[in-house]
Amino acid sequence: MEEWEFSYDPASWKVTEDMKRSYERNGFVLVRNMLNAEEVLKIKAAVADSKGIIQHAYSRSDGTRNTRMCVWNHPGDDVTGILVRSQRIATTMEELMGGDEIYHYHSKMMMKDARTGGSFVWHQDYGYWYFNDCLYPEMGSVFIPIDDCVRANGCLQVLVGSHHMGRINHVQVGTQLGADPERVEEAKKHLKHVYVEATAGDVLFFHSNLLHTSDGNDSDMRRWVFIVAFNKKSNNPYVEHHHPQYTPLKKVDDSELLKCQVIENLEGKWFMHPDEDVSYKGGRRFH
């Protein structure tokens, strides 16, 4: 296994010093088999039949093809909410981020359908969230494959250790807002470019300044992923915007996922409309 890969054992799981060092050095860790087959099937069924996702999904173009996505701001008490609030997701992210209290910033479904799913240019999540008036990049994302993610269907790609570069200026790249292409090309000469292939059940935790991208889906395989963003309480945005300010996160035991009988509860989710996403447009101050 690569140095950023770790295996999940529910009986003995904890965030080790090796994991913390890998996250600090590389900007991410990949935990294999963090969700078992039964849990994956339950999550997959919940998002496949989601009325909220169907109603609130929108498309983002790469200039040729579209990727469907849906964003909501509060986790709730349904299957996806319990997953977000579970110890293995929330506490693992919290400890990798240094141990300070974190809260749910938003959840997102990214849906690259077979033969039609679009690409995303190189970017940093904090390249967008900076414009949401979060002072520090004390933020991170948890990337949870609903389907297997391989090179053929547009898996995530990262530049290992690129979070140490700090926030890169984001500019218009085609139809998207992305990291300065000249800076990215120079970084690629120095940093390892990794295709993060993952199976449903694996979970990737990554820093908000890690450079990442993904190709379009040219395969016959669907590529859906569930992504959860967390922010530190101490990094509470100083201006209200389209994502929540600090809201206490009520964590639950990992066993609650399979016990959960609430497949979907839309109450209080606060779905985001794409017109509200000023961070993707380069900040409220300029539009």
# chains A, B, ... in the order shown; residues from 1 in each chain; ligands from 1

call {"tool": "select_by_dssp", "arguments": {"residues": "region 86-255 of chain A", "states": "strand (DSSP E or B)", "output": "VMD selection string"}}
result
chain A and resid 86 102 to 112 120 to 123 139 to 145 149 156 to 159 170 to 173 176 to 179 193 to 196 198 200 202 to 207 212 to 214 223 to 232 252

call {"tool": "residues_around", "arguments": {"residues": "Lys20 (chain A)", "least_positions_apart": "3", "cutoff": "6 Å", "atoms": "only C-alpha atoms", "output": "PDB file with C-alpha atoms, in the first residue's frame"}}
result
ATOM      1  CA  GLU A  17       0.058   9.170  14.599  1.00  0.00           C
ATOM      2  CA  TYR A  23      -2.394  13.805   6.301  1.00  0.00           C
ATOM      3  CA  LEU A  96      -6.872  14.635  11.210  1.00  0.00           C
TER       4      LEU A  96
END

call {"tool": "residues_around", "arguments": {"residues": "Ser162 (chain A)", "least_positions_apart": "4", "cutoff": "12 Å", "atoms": "only C-alpha atoms", "output": "PyMOL selection string"}}
result
chain A and resi 23-28+122-124+157-158+166-168+179+183-194+206-212

call {"tool": "write_last_selection", "arguments": {"atoms": "N, CA, C and O atoms", "output": "CSV table (one decimal), in the first residue's frame"}}
result
chain,number,residue,atom,x,y,z
A,23,TYR,N,-1.5,12.7,6.7
A,23,TYR,CA,-2.4,13.8,6.3
A,23,TYR,C,-1.6,15.1,6.2
A,23,TYR,O,-1.8,15.9,5.3
A,24,GLU,N,-0.8,15.4,7.2
A,24,GLU,CA,0.0,16.6,7.2
A,24,GLU,C,1.0,16.7,6.1
A,24,GLU,O,1.1,17.7,5.4
A,25,ARG,N,1.6,15.6,5.8
A,25,ARG,CA,2.7,15.5,4.7
A,25,ARG,C,2.0,15.5,3.3
A,25,ARG,O,2.5,16.3,2.4
A,26,ASN,N,1.0,14.7,3.1
A,26,ASN,CA,0.5,14.5,1.8
A,26,ASN,C,-0.8,15.3,1.5
A,26,ASN,O,-1.1,15.5,0.3
A,27,GLY,N,-1.5,15.7,2.5
A,27,GLY,CA,-2.7,16.4,2.3
A,27,GLY,C,-4.0,15.5,2.2
A,27,GLY,O,-5.1,16.1,2.0
A,28,PHE,N,-3.8,14.2,2.4
A,28,PHE,CA,-4.9,13.3,2.3
A,28,PHE,C,-4.6,12.0,2.9
A,28,PHE,O,-3.4,11.6,3.0
A,122,TRP,N,-8.3,21.6,-12.4
A,122,TRP,CA,-7.5,21.6,-11.1
A,122,TRP,C,-8.0,22.8,-10.2
A,122,TRP,O,-8.2,23.9,-10.7
A,123,HIS,N,-8.3,22.4,-9.0
A,123,HIS,CA,-8.7,23.5,-8.0
A,123,HIS,C,-8.4,23.1,-6.6
A,123,HIS,O,-8.1,21.9,-6.3
A,124,GLN,N,-8.6,24.0,-5.7
A,124,GLN,CA,-8.6,23.8,-4.3
A,124,GLN,C,-9.9,24.1,-3.7
A,124,GLN,O,-10.5,25.1,-4.2
A,157,GLN,N,-8.2,12.9,-9.0
A,157,GLN,CA,-6.7,13.0,-9.1
A,157,GLN,C,-6.2,14.1,-8.2
A,157,GLN,O,-6.9,15.1,-8.0
A,158,VAL,N,-5.0,13.9,-7.6
A,158,VAL,CA,-4.5,14.8,-6.7
A,158,VAL,C,-3.0,15.0,-6.9
A,158,VAL,O,-2.3,14.2,-7.5
A,166,GLY,N,-0.1,26.5,-0.1
A,166,GLY,CA,-1.1,27.6,0.3
A,166,GLY,C,-2.1,27.8,-0.7
A,166,GLY,O,-2.2,27.1,-1.8
A,167,ARG,N,-3.0,28.8,-0.5
A,167,ARG,CA,-4.1,29.1,-1.4
A,167,ARG,C,-3.5,29.6,-2.7
A,167,ARG,O,-2.8,30.6,-2.7
A,168,ILE,N,-3.9,29.0,-3.8
A,168,ILE,CA,-3.5,29.5,-5.2
A,168,ILE,C,-4.6,30.4,-5.7
A,168,ILE,O,-5.8,30.1,-5.5
A,179,ALA,N,-7.7,26.7,-10.3
A,179,ALA,CA,-6.4,27.2,-9.9
A,179,ALA,C,-5.6,27.7,-11.1
A,179,ALA,O,-5.7,27.1,-12.2
A,183,ARG,N,0.6,28.1,-12.5
A,183,ARG,CA,1.1,27.6,-11.2
A,183,ARG,C,0.8,26.1,-11.1
A,183,ARG,O,1.7,25.3,-10.5
A,184,VAL,N,-0.3,25.6,-11.6
A,184,VAL,CA,-0.5,24.1,-11.5
A,184,VAL,C,0.5,23.4,-12.4
A,184,VAL,O,1.0,22.3,-11.9
A,185,GLU,N,0.8,23.9,-13.5
A,185,GLU,CA,1.7,23.2,-14.4
A,185,GLU,C,3.1,23.1,-13.8
A,185,GLU,O,3.8,22.1,-13.9
A,186,GLU,N,3.5,24.2,-13.1
A,186,GLU,CA,4.8,24.2,-12.4
A,186,GLU,C,4.8,23.2,-11.3
A,186,GLU,O,5.8,22.5,-11.0
A,187,ALA,N,3.7,23.2,-10.5
A,187,ALA,CA,3.5,22.3,-9.4
A,187,ALA,C,3.7,20.8,-9.8
A,187,ALA,O,4.2,20.0,-9.1
A,188,LYS,N,3.1,20.5,-11.0
A,188,LYS,CA,3.1,19.1,-11.5
A,188,LYS,C,4.6,18.7,-11.8
A,188,LYS,O,4.8,17.5,-11.9
A,189,LYS,N,5.5,19.6,-12.0
A,189,LYS,CA,6.9,19.2,-12.2
A,189,LYS,C,7.6,18.8,-10.9
A,189,LYS,O,8.6,18.1,-11.0
A,190,HIS,N,7.0,19.1,-9.8
A,190,HIS,CA,7.6,18.9,-8.5
A,190,HIS,C,6.9,17.9,-7.6
A,190,HIS,O,7.5,17.3,-6.7
A,191,LEU,N,5.6,17.7,-7.9
A,191,LEU,CA,4.8,16.9,-7.0
A,191,LEU,C,4.2,15.7,-7.7
A,191,LEU,O,3.9,15.7,-8.9
A,192,LYS,N,4.0,14.6,-7.0
A,192,LYS,CA,3.5,13.4,-7.6
A,192,LYS,C,2.0,13.5,-7.9
A,192,LYS,O,1.2,14.0,-7.1
A,193,HIS,N,1.7,13.1,-9.1
A,193,HIS,CA,0.3,13.2,-9.6
A,193,HIS,C,-0.3,11.8,-9.4
A,193,HIS,O,0.2,10.8,-10.0
A,194,VAL,N,-1.3,11.7,-8.6
A,194,VAL,CA,-1.9,10.4,-8.3
A,194,VAL,C,-3.4,10.3,-8.7
A,194,VAL,O,-4.1,11.2,-8.4
A,206,PHE,N,-9.4,14.7,2.8
A,206,PHE,CA,-8.4,15.5,2.3
A,206,PHE,C,-8.5,17.0,2.7
A,206,PHE,O,-9.6,17.5,3.0
A,207,HIS,N,-7.4,17.7,2.7
A,207,HIS,CA,-7.2,19.1,3.1
A,207,HIS,C,-7.8,20.0,2.1
A,207,HIS,O,-7.8,19.7,0.9
A,208,SER,N,-8.3,21.1,2.6
A,208,SER,CA,-9.0,22.1,1.7
A,208,SER,C,-8.1,22.8,0.7
A,208,SER,O,-8.6,23.4,-0.3
A,209,ASN,N,-6.8,22.7,0.9
A,209,ASN,CA,-5.8,23.3,-0.1
A,209,ASN,C,-5.2,22.3,-1.0
A,209,ASN,O,-4.3,22.6,-1.8
A,210,LEU,N,-5.6,21.0,-0.9
A,210,LEU,CA,-5.0,20.0,-1.8
A,210,LEU,C,-5.5,20.2,-3.2
A,210,LEU,O,-6.8,20.3,-3.5
A,211,LEU,N,-4.6,20.3,-4.2
A,211,LEU,CA,-5.0,20.5,-5.6
A,211,LEU,C,-5.6,19.1,-6.1
A,211,LEU,O,-5.0,18.1,-5.9
A,212,HIS,N,-6.8,19.2,-6.7
A,212,HIS,CA,-7.4,18.0,-7.2
A,212,HIS,C,-8.2,18.3,-8.5
A,212,HIS,O,-8.6,19.5,-8.7

call {"tool": "residues_around", "arguments": {"residues": "Asp78 (chain A)", "least_positions_apart": "2", "cutoff": "9 Å", "atoms": "only C-alpha atoms", "output": "list of chain:residue names"}}
result
A:Ala46, A:Pro75, A:Gly76, A:Thr80, A:Gly81, A:Ile82, A:Leu83, A:Leu257, A:Cys260, A:Gln261, A:Val262, A:Ile263, A:Glu264, A:Asn265, A:Leu266

call {"tool": "write_last_selection", "arguments": {"atoms": "C-alpha atoms", "output": "PDB file, in the first residue's frame"}}
result
ATOM      1  CA  ALA A  46     -30.940   6.231  -0.032  1.00  0.00           C
ATOM      2  CA  PRO A  75     -26.961  16.791   7.736  1.00  0.00           C
ATOM      3  CA  GLY A  76     -30.261  15.883   9.366  1.00  0.00           C
ATOM      4  CA  THR A  80     -26.862  10.353   4.783  1.00  0.00           C
ATOM      5  CA  GLY A  81     -27.075  12.552   7.874  1.00  0.00           C
ATOM      6  CA  ILE A  82     -26.264   9.673  10.204  1.00  0.00           C
ATOM      7  CA  LEU A  83     -23.293   8.780   7.988  1.00  0.00           C
ATOM      8  CA  LEU A 257     -26.159   3.805  10.306  1.00  0.00           C
ATOM      9  CA  CYS A 260     -31.459   4.114  10.862  1.00  0.00           C
ATOM     10  CA  GLN A 261     -34.989   3.694   9.500  1.00  0.00           C
ATOM     11  CA  VAL A 262     -35.280   7.245   8.161  1.00  0.00           C
ATOM     12  CA  ILE A 263     -34.266   6.843   4.538  1.00  0.00           C
ATOM     13  CA  GLU A 264     -34.792  10.539   3.808  1.00  0.00           C
ATOM     14  CA  ASN A 265     -35.958  13.535   5.810  1.00  0.00           C
ATOM     15  CA  LEU A 266     -35.770  16.846   3.944  1.00  0.00           C
TER      16      LEU A 266
END

call {"tool": "closest_residue", "arguments": {"among": "A:Pro145, A:Gly98, A:Pro244, A:Gly178", "to": "Met272 (chain A)", "atoms": "only C-alpha atoms"}}
result
A:Pro244

call {"tool": "residues_around", "arguments": {"residues": "Tyr130 (chain A)", "least_positions_apart": "4", "cutoff": "12 Å", "atoms": "only C-alpha atoms", "output": "PyMOL selection string"}}
result
chain A and resi 124-126+134-139+166-170+208-209+235-239+241+278-285

call {"tool": "residues_around", "arguments": {"residues": "Leu35 (chain A)", "least_positions_apart": "3", "cutoff": "12 Å", "atoms": "only C-alpha atoms", "output": "ChimeraX atom specification"}}
result
/A:7-10,31-32,38-44,83,86,88-89,144-146,199-204,254-255,257-258

call {"tool": "write_last_selection", "arguments": {"atoms": "N, CA, C and O atoms", "output": "tab-separated table (two decimals), in the first residue's frame"}}
result
chain	number	residue	atom	x	y	z
A	7	SER	N	-6.01	0.70	6.35
A	7	SER	CA	-7.11	-0.27	6.33
A	7	SER	C	-7.97	-0.10	7.57
A	7	SER	O	-7.47	0.14	8.68
A	8	TYR	N	-9.27	-0.22	7.38
A	8	TYR	CA	-10.22	-0.03	8.47
A	8	TYR	C	-10.53	-1.35	9.16
A	8	TYR	O	-10.86	-2.34	8.52
A	9	ASP	N	-10.46	-1.33	10.47
A	9	ASP	CA	-10.87	-2.45	11.31
A	9	ASP	C	-11.82	-1.89	12.36
A	9	ASP	O	-11.40	-1.13	13.24
A	10	PRO	N	-13.12	-2.23	12.28
A	10	PRO	CA	-14.08	-1.62	13.21
A	10	PRO	C	-13.79	-1.93	14.68
A	10	PRO	O	-14.19	-1.17	15.57
A	31	VAL	N	-8.73	5.58	3.40
A	31	VAL	CA	-9.02	4.46	4.29
A	31	VAL	C	-9.81	3.41	3.52
A	31	VAL	O	-10.93	3.68	3.07
A	32	ARG	N	-9.23	2.26	3.36
A	32	ARG	CA	-9.87	1.18	2.61
A	32	ARG	C	-10.92	0.46	3.47
A	32	ARG	O	-10.71	0.21	4.66
A	38	GLU	N	-23.00	-4.00	3.39
A	38	GLU	CA	-24.38	-3.70	3.78
A	38	GLU	C	-24.58	-2.19	3.93
A	38	GLU	O	-25.61	-1.64	3.52
A	39	GLU	N	-23.61	-1.52	4.50
A	39	GLU	CA	-23.71	-0.07	4.67
A	39	GLU	C	-23.67	0.64	3.32
A	39	GLU	O	-24.43	1.60	3.09
A	40	VAL	N	-22.81	0.19	2.43
A	40	VAL	CA	-22.74	0.79	1.10
A	40	VAL	C	-24.07	0.66	0.37
A	40	VAL	O	-24.57	1.62	-0.24
A	41	LEU	N	-24.68	-0.51	0.44
A	41	LEU	CA	-25.97	-0.72	-0.23
A	41	LEU	C	-27.05	0.18	0.36
A	41	LEU	O	-27.90	0.70	-0.38
A	42	LYS	N	-27.02	0.38	1.66
A	42	LYS	CA	-28.02	1.24	2.29
A	42	LYS	C	-27.86	2.69	1.85
A	42	LYS	O	-28.84	3.38	1.54
A	43	ILE	N	-26.64	3.16	1.81
A	43	ILE	CA	-26.38	4.54	1.37
A	43	ILE	C	-26.73	4.70	-0.11
A	43	ILE	O	-27.35	5.69	-0.51
A	44	LYS	N	-26.34	3.73	-0.91
A	44	LYS	CA	-26.63	3.78	-2.34
A	44	LYS	C	-28.13	3.84	-2.60
A	44	LYS	O	-28.60	4.63	-3.44
A	83	LEU	N	-24.64	9.07	8.49
A	83	LEU	CA	-23.29	8.78	7.99
A	83	LEU	C	-22.36	9.95	8.27
A	83	LEU	O	-21.24	9.77	8.78
A	86	SER	N	-21.48	10.22	11.96
A	86	SER	CA	-20.91	9.03	12.59
A	86	SER	C	-19.49	9.31	13.08
A	86	SER	O	-18.77	10.14	12.53
A	88	ARG	N	-16.85	7.47	12.83
A	88	ARG	CA	-15.76	7.11	11.91
A	88	ARG	C	-15.55	8.17	10.84
A	88	ARG	O	-14.44	8.29	10.32
A	89	ILE	N	-16.58	8.94	10.51
A	89	ILE	CA	-16.43	10.03	9.53
A	89	ILE	C	-16.06	11.33	10.24
A	89	ILE	O	-15.00	11.91	10.01
A	144	ILE	N	-16.64	10.08	-0.35
A	144	ILE	CA	-17.20	8.75	-0.10
A	144	ILE	C	-17.78	8.19	-1.40
A	144	ILE	O	-18.86	8.61	-1.84
A	145	PRO	N	-17.09	7.28	-2.06
A	145	PRO	CA	-17.61	6.73	-3.32
A	145	PRO	C	-18.91	5.95	-3.11
A	145	PRO	O	-18.98	5.07	-2.24
A	146	ILE	N	-19.91	6.27	-3.90
A	146	ILE	CA	-21.13	5.48	-3.95
A	146	ILE	C	-20.94	4.35	-4.97
A	146	ILE	O	-21.45	3.25	-4.81
A	199	THR	N	-12.81	1.94	-4.31
A	199	THR	CA	-14.03	1.17	-4.44
A	199	THR	C	-15.08	1.71	-3.48
A	199	THR	O	-14.76	2.38	-2.49
A	200	ALA	N	-16.35	1.44	-3.77
A	200	ALA	CA	-17.41	1.82	-2.85
A	200	ALA	C	-17.14	1.17	-1.50
A	200	ALA	O	-16.97	-0.05	-1.42
A	201	GLY	N	-17.07	1.97	-0.46
A	201	GLY	CA	-16.70	1.49	0.86
A	201	GLY	C	-15.40	2.12	1.35
A	201	GLY	O	-15.17	2.23	2.55
A	202	ASP	N	-14.55	2.52	0.40
A	202	ASP	CA	-13.34	3.28	0.76
A	202	ASP	C	-13.74	4.72	1.06
A	202	ASP	O	-14.75	5.23	0.54
A	203	VAL	N	-12.94	5.41	1.86
A	203	VAL	CA	-13.22	6.81	2.21
A	203	VAL	C	-11.92	7.60	2.16
A	203	VAL	O	-10.91	7.20	2.74
A	204	LEU	N	-11.98	8.75	1.46
A	204	LEU	CA	-10.83	9.63	1.32
A	204	LEU	C	-11.06	10.90	2.14
A	204	LEU	O	-12.09	11.55	2.01
A	254	ASP	N	-21.21	4.63	15.25
A	254	ASP	CA	-21.18	4.05	13.90
A	254	ASP	C	-22.30	3.05	13.68
A	254	ASP	O	-22.79	2.90	12.54
A	255	SER	N	-22.73	2.37	14.71
A	255	SER	CA	-23.77	1.35	14.58
A	255	SER	C	-25.13	1.93	14.20
A	255	SER	O	-26.01	1.21	13.72
A	257	LEU	N	-25.91	3.76	11.76
A	257	LEU	CA	-26.16	3.80	10.31
A	257	LEU	C	-27.07	2.67	9.87
A	257	LEU	O	-28.07	2.88	9.17
A	258	LEU	N	-26.75	1.44	10.25
A	258	LEU	CA	-27.58	0.31	9.85
A	258	LEU	C	-28.89	0.27	10.63
A	258	LEU	O	-29.88	-0.30	10.15

call {"tool": "closest_residue", "arguments": {"among": "A:Trp270, A:Phe205, A:Trp224, A:Tyr195", "to": "Glu94 (chain A)", "atoms": "only C-alpha atoms"}}
result
A:Phe205

call {"tool": "select_by_dssp", "arguments": {"residues": "region 85-205 of chain A", "states": "helix (DSSP H, G or I)", "output": "number ranges by chain"}}
result
A: 85, 87-96, 125-132, 151-153, 162-165, 181-188

call {"tool": "write_last_selection", "arguments": {"atoms": "C-alpha atoms", "output": "CSV table (one decimal), in the first residue's frame"}}
result
chain,number,residue,atom,x,y,z
A,85,ARG,CA,-22.4,12.5,12.0
A,87,GLN,CA,-17.8,8.8,14.7
A,88,ARG,CA,-15.8,7.1,11.9
A,89,ILE,CA,-16.4,10.0,9.5
A,90,ALA,CA,-16.7,13.1,11.8
A,91,THR,CA,-14.3,12.2,14.5
A,92,THR,CA,-11.7,10.9,12.0
A,93,MET,CA,-11.8,14.2,10.1
A,94,GLU,CA,-11.7,16.2,13.4
A,95,GLU,CA,-8.6,14.4,14.6
A,96,LEU,CA,-6.9,14.6,11.2
A,125,ASP,CA,-11.7,23.7,-2.2
A,126,TYR,CA,-10.4,26.6,-0.2
A,127,GLY,CA,-9.9,28.4,-3.5
A,128,TYR,CA,-13.7,28.7,-3.4
A,129,TRP,CA,-14.3,28.8,0.3
A,130,TYR,CA,-11.9,31.7,0.8
A,131,PHE,CA,-14.6,33.9,-0.8
A,132,ASN,CA,-17.1,32.7,1.8
A,151,ARG,CA,-9.5,6.1,-14.2
A,152,ALA,CA,-12.0,5.1,-16.8
A,153,ASN,CA,-15.0,6.8,-15.1
A,162,SER,CA,0.2,20.5,-2.9
A,163,HIS,CA,-1.7,21.8,0.2
A,164,HIS,CA,1.7,23.1,1.4
A,165,MET,CA,1.6,25.6,-1.5
A,181,PRO,CA,-3.0,27.0,-14.7
A,182,GLU,CA,0.6,28.3,-14.9
A,183,ARG,CA,1.1,27.6,-11.2
A,184,VAL,CA,-0.5,24.1,-11.5
A,185,GLU,CA,1.7,23.2,-14.4
A,186,GLU,CA,4.8,24.2,-12.4
A,187,ALA,CA,3.5,22.3,-9.4
A,188,LYS,CA,3.1,19.1,-11.5

call {"tool": "residues_around", "arguments": {"residues": "Asp113 (chain A)", "least_positions_apart": "5", "cutoff": "10 Å", "atoms": "only C-alpha atoms", "output": "mmCIF file with N, CA and C atoms, in the first residue's frame"}}
result
data_model
loop_
_atom_site.group_PDB
_atom_site.id
_atom_site.type_symbol
_atom_site.label_atom_id
_atom_site.label_comp_id
_atom_site.auth_asym_id
_atom_site.auth_seq_id
_atom_site.Cartn_x
_atom_site.Cartn_y
_atom_site.Cartn_z
ATOM 1 N N ASN A 66 -21.925 17.685 -18.912
ATOM 2 C CA ASN A 66 -22.405 18.154 -17.619
ATOM 3 C C ASN A 66 -22.239 17.097 -16.537
ATOM 4 N N THR A 67 -21.961 17.570 -15.341
ATOM 5 C CA THR A 67 -22.016 16.742 -14.148
ATOM 6 C C THR A 67 -23.150 17.254 -13.284
ATOM 7 N N ARG A 68 -23.999 16.364 -12.854
ATOM 8 C CA ARG A 68 -25.086 16.758 -11.967
ATOM 9 C C ARG A 68 -24.586 16.779 -10.530
ATOM 10 N N GLY A 118 -19.148 15.139 -16.855
ATOM 11 C CA GLY A 118 -18.113 16.079 -17.269
ATOM 12 C C GLY A 118 -16.874 16.034 -16.390
ATOM 13 N N ASN A 153 -13.760 6.042 -15.358
ATOM 14 C CA ASN A 153 -14.995 6.807 -15.130
ATOM 15 C C ASN A 153 -14.752 8.128 -14.416
ATOM 16 N N GLY A 216 -13.592 13.586 -17.396
ATOM 17 C CA GLY A 216 -14.953 13.210 -17.712
ATOM 18 C C GLY A 216 -15.129 11.700 -17.661
ATOM 19 N N ASN A 217 -16.370 11.276 -17.623
ATOM 20 C CA ASN A 217 -16.675 9.849 -17.575
ATOM 21 C C ASN A 217 -16.935 9.328 -18.987
ATOM 22 N N ASP A 218 -15.924 8.684 -19.566
ATOM 23 C CA ASP A 218 -16.043 8.136 -20.916
ATOM 24 C C ASP A 218 -16.441 6.662 -20.912
ATOM 25 N N SER A 219 -16.735 6.143 -19.746
ATOM 26 C CA SER A 219 -17.005 4.715 -19.616
ATOM 27 C C SER A 219 -18.506 4.428 -19.580
ATOM 28 N N ASP A 220 -18.821 3.157 -19.488
ATOM 29 C CA ASP A 220 -20.209 2.725 -19.313
ATOM 30 C C ASP A 220 -20.571 2.592 -17.844
ATOM 31 N N MET A 221 -19.661 3.021 -16.962
ATOM 32 C CA MET A 221 -19.880 2.914 -15.520
ATOM 33 C C MET A 221 -20.267 4.269 -14.930
ATOM 34 N N ARG A 222 -21.312 4.284 -14.163
ATOM 35 C CA ARG A 222 -21.698 5.484 -13.435
ATOM 36 C C ARG A 222 -20.634 5.795 -12.381
ATOM 37 N N ARG A 223 -20.441 7.100 -12.061
ATOM 38 C CA ARG A 223 -19.540 7.468 -10.980
ATOM 39 C C ARG A 223 -20.198 8.513 -10.096
ATOM 40 N N TRP A 224 -20.867 8.016 -9.052
ATOM 41 C CA TRP A 224 -21.496 8.894 -8.074
ATOM 42 C C TRP A 224 -20.656 8.883 -6.809
#

call {"tool": "closest_residue", "arguments": {"among": "A:Met1, A:Ala57, A:Ile227, A:Leu249", "to": "Ser141 (chain A)", "atoms": "only C-alpha atoms"}}
result
A:Ile227

call {"tool": "closest_residue", "arguments": {"among": "A:Asp100, A:Asp147, A:Asp77, A:Asp275", "to": "Lys250 (chain A)", "atoms": "only C-alpha atoms"}}
result
A:Asp77

call {"tool": "atom_distance", "arguments": {"atom1": "CA of Gly117 (chain A)", "atom2": "CA of Thr175 (chain A)"}}
result
15.0 Å

call {"tool": "atom_distance", "arguments": {"atom1": "CA of Gln245 (chain A)", "atom2": "CA of Phe230 (chain A)"}}
result
11.1 Å

call {"tool": "decode", "arguments": {"residues": "region 233-252 of chain A", "atoms": "N, CA and C atoms", "output": "PDB file, in the first residue's frame"}}
result
ATOM      1  N   LYS A 233     -14.897  25.033  14.184  1.00  0.00           N
ATOM      2  CA  LYS A 233     -15.693  26.022  14.924  1.00  0.00           C
ATOM      3  C   LYS A 233     -14.937  27.343  15.022  1.00  0.00           C
ATOM      4  N   SER A 234     -13.635  27.258  15.264  1.00  0.00           N
ATOM      5  CA  SER A 234     -12.812  28.459  15.430  1.00  0.00           C
ATOM      6  C   SER A 234     -12.643  29.238  14.132  1.00  0.00           C
ATOM      7  N   ASN A 235     -13.006  28.617  13.011  1.00  0.00           N
ATOM      8  CA  ASN A 235     -12.890  29.256  11.692  1.00  0.00           C
ATOM      9  C   ASN A 235     -14.261  29.710  11.189  1.00  0.00           C
ATOM     10  N   ASN A 236     -15.164  29.942  12.104  1.00  0.00           N
ATOM     11  CA  ASN A 236     -16.520  30.345  11.751  1.00  0.00           C
ATOM     12  C   ASN A 236     -16.505  31.532  10.789  1.00  0.00           C
ATOM     13  N   PRO A 237     -17.178  31.445   9.642  1.00  0.00           N
ATOM     14  CA  PRO A 237     -17.177  32.557   8.677  1.00  0.00           C
ATOM     15  C   PRO A 237     -17.661  33.850   9.333  1.00  0.00           C
ATOM     16  N   TYR A 238     -16.985  34.940   9.008  1.00  0.00           N
ATOM     17  CA  TYR A 238     -17.338  36.196   9.672  1.00  0.00           C
ATOM     18  C   TYR A 238     -18.472  36.946   8.968  1.00  0.00           C
ATOM     19  N   VAL A 239     -18.946  36.413   7.835  1.00  0.00           N
ATOM     20  CA  VAL A 239     -20.108  36.966   7.141  1.00  0.00           C
ATOM     21  C   VAL A 239     -21.048  35.812   6.804  1.00  0.00           C
ATOM     22  N   GLU A 240     -22.326  35.999   7.023  1.00  0.00           N
ATOM     23  CA  GLU A 240     -23.293  34.965   6.660  1.00  0.00           C
ATOM     24  C   GLU A 240     -23.332  34.809   5.140  1.00  0.00           C
ATOM     25  N   HIS A 241     -23.460  33.575   4.682  1.00  0.00           N
ATOM     26  CA  HIS A 241     -23.484  33.317   3.236  1.00  0.00           C
ATOM     27  C   HIS A 241     -24.310  32.073   2.959  1.00  0.00           C
ATOM     28  N   HIS A 242     -24.056  31.421   1.820  1.00  0.00           N
ATOM     29  CA  HIS A 242     -24.904  30.323   1.363  1.00  0.00           C
ATOM     30  C   HIS A 242     -24.601  28.986   2.018  1.00  0.00           C
ATOM     31  N   HIS A 243     -23.588  28.935   2.895  1.00  0.00           N
ATOM     32  CA  HIS A 243     -23.325  27.768   3.728  1.00  0.00           C
ATOM     33  C   HIS A 243     -23.405  28.201   5.186  1.00  0.00           C
ATOM     34  N   PRO A 244     -23.623  27.258   6.105  1.00  0.00           N
ATOM     35  CA  PRO A 244     -23.909  27.657   7.485  1.00  0.00           C
ATOM     36  C   PRO A 244     -22.700  28.142   8.261  1.00  0.00           C
ATOM     37  N   GLN A 245     -22.979  29.023   9.187  1.00  0.00           N
ATOM     38  CA  GLN A 245     -21.996  29.345  10.202  1.00  0.00           C
ATOM     39  C   GLN A 245     -22.021  28.232  11.250  1.00  0.00           C
ATOM     40  N   TYR A 246     -21.179  28.366  12.252  1.00  0.00           N
ATOM     41  CA  TYR A 246     -21.018  27.277  13.217  1.00  0.00           C
ATOM     42  C   TYR A 246     -22.358  26.768  13.740  1.00  0.00           C
ATOM     43  N   THR A 247     -22.546  25.472  13.586  1.00  0.00           N
ATOM     44  CA  THR A 247     -23.713  24.773  14.105  1.00  0.00           C
ATOM     45  C   THR A 247     -23.206  23.499  14.772  1.00  0.00           C
ATOM     46  N   PRO A 248     -23.465  23.298  16.063  1.00  0.00           N
ATOM     47  CA  PRO A 248     -22.931  22.111  16.744  1.00  0.00           C
ATOM     48  C   PRO A 248     -23.291  20.824  16.010  1.00  0.00           C
ATOM     49  N   LEU A 249     -22.319  19.936  15.903  1.00  0.00           N
ATOM     50  CA  LEU A 249     -22.500  18.658  15.222  1.00  0.00           C
ATOM     51  C   LEU A 249     -22.788  17.583  16.264  1.00  0.00           C
ATOM     52  N   LYS A 250     -23.937  16.961  16.167  1.00  0.00           N
ATOM     53  CA  LYS A 250     -24.329  15.912  17.105  1.00  0.00           C
ATOM     54  C   LYS A 250     -23.862  14.565  16.554  1.00  0.00           C
ATOM     55  N   LYS A 251     -22.724  14.100  17.048  1.00  0.00           N
ATOM     56  CA  LYS A 251     -22.161  12.847  16.556  1.00  0.00           C
ATOM     57  C   LYS A 251     -22.964  11.645  17.077  1.00  0.00           C
ATOM     58  N   VAL A 252     -22.907  10.558  16.301  1.00  0.00           N
ATOM     59  CA  VAL A 252     -23.594   9.326  16.687  1.00  0.00           C
ATOM     60  C   VAL A 252     -22.635   8.158  16.540  1.00  0.00           C
TER      61      VAL A 252
END
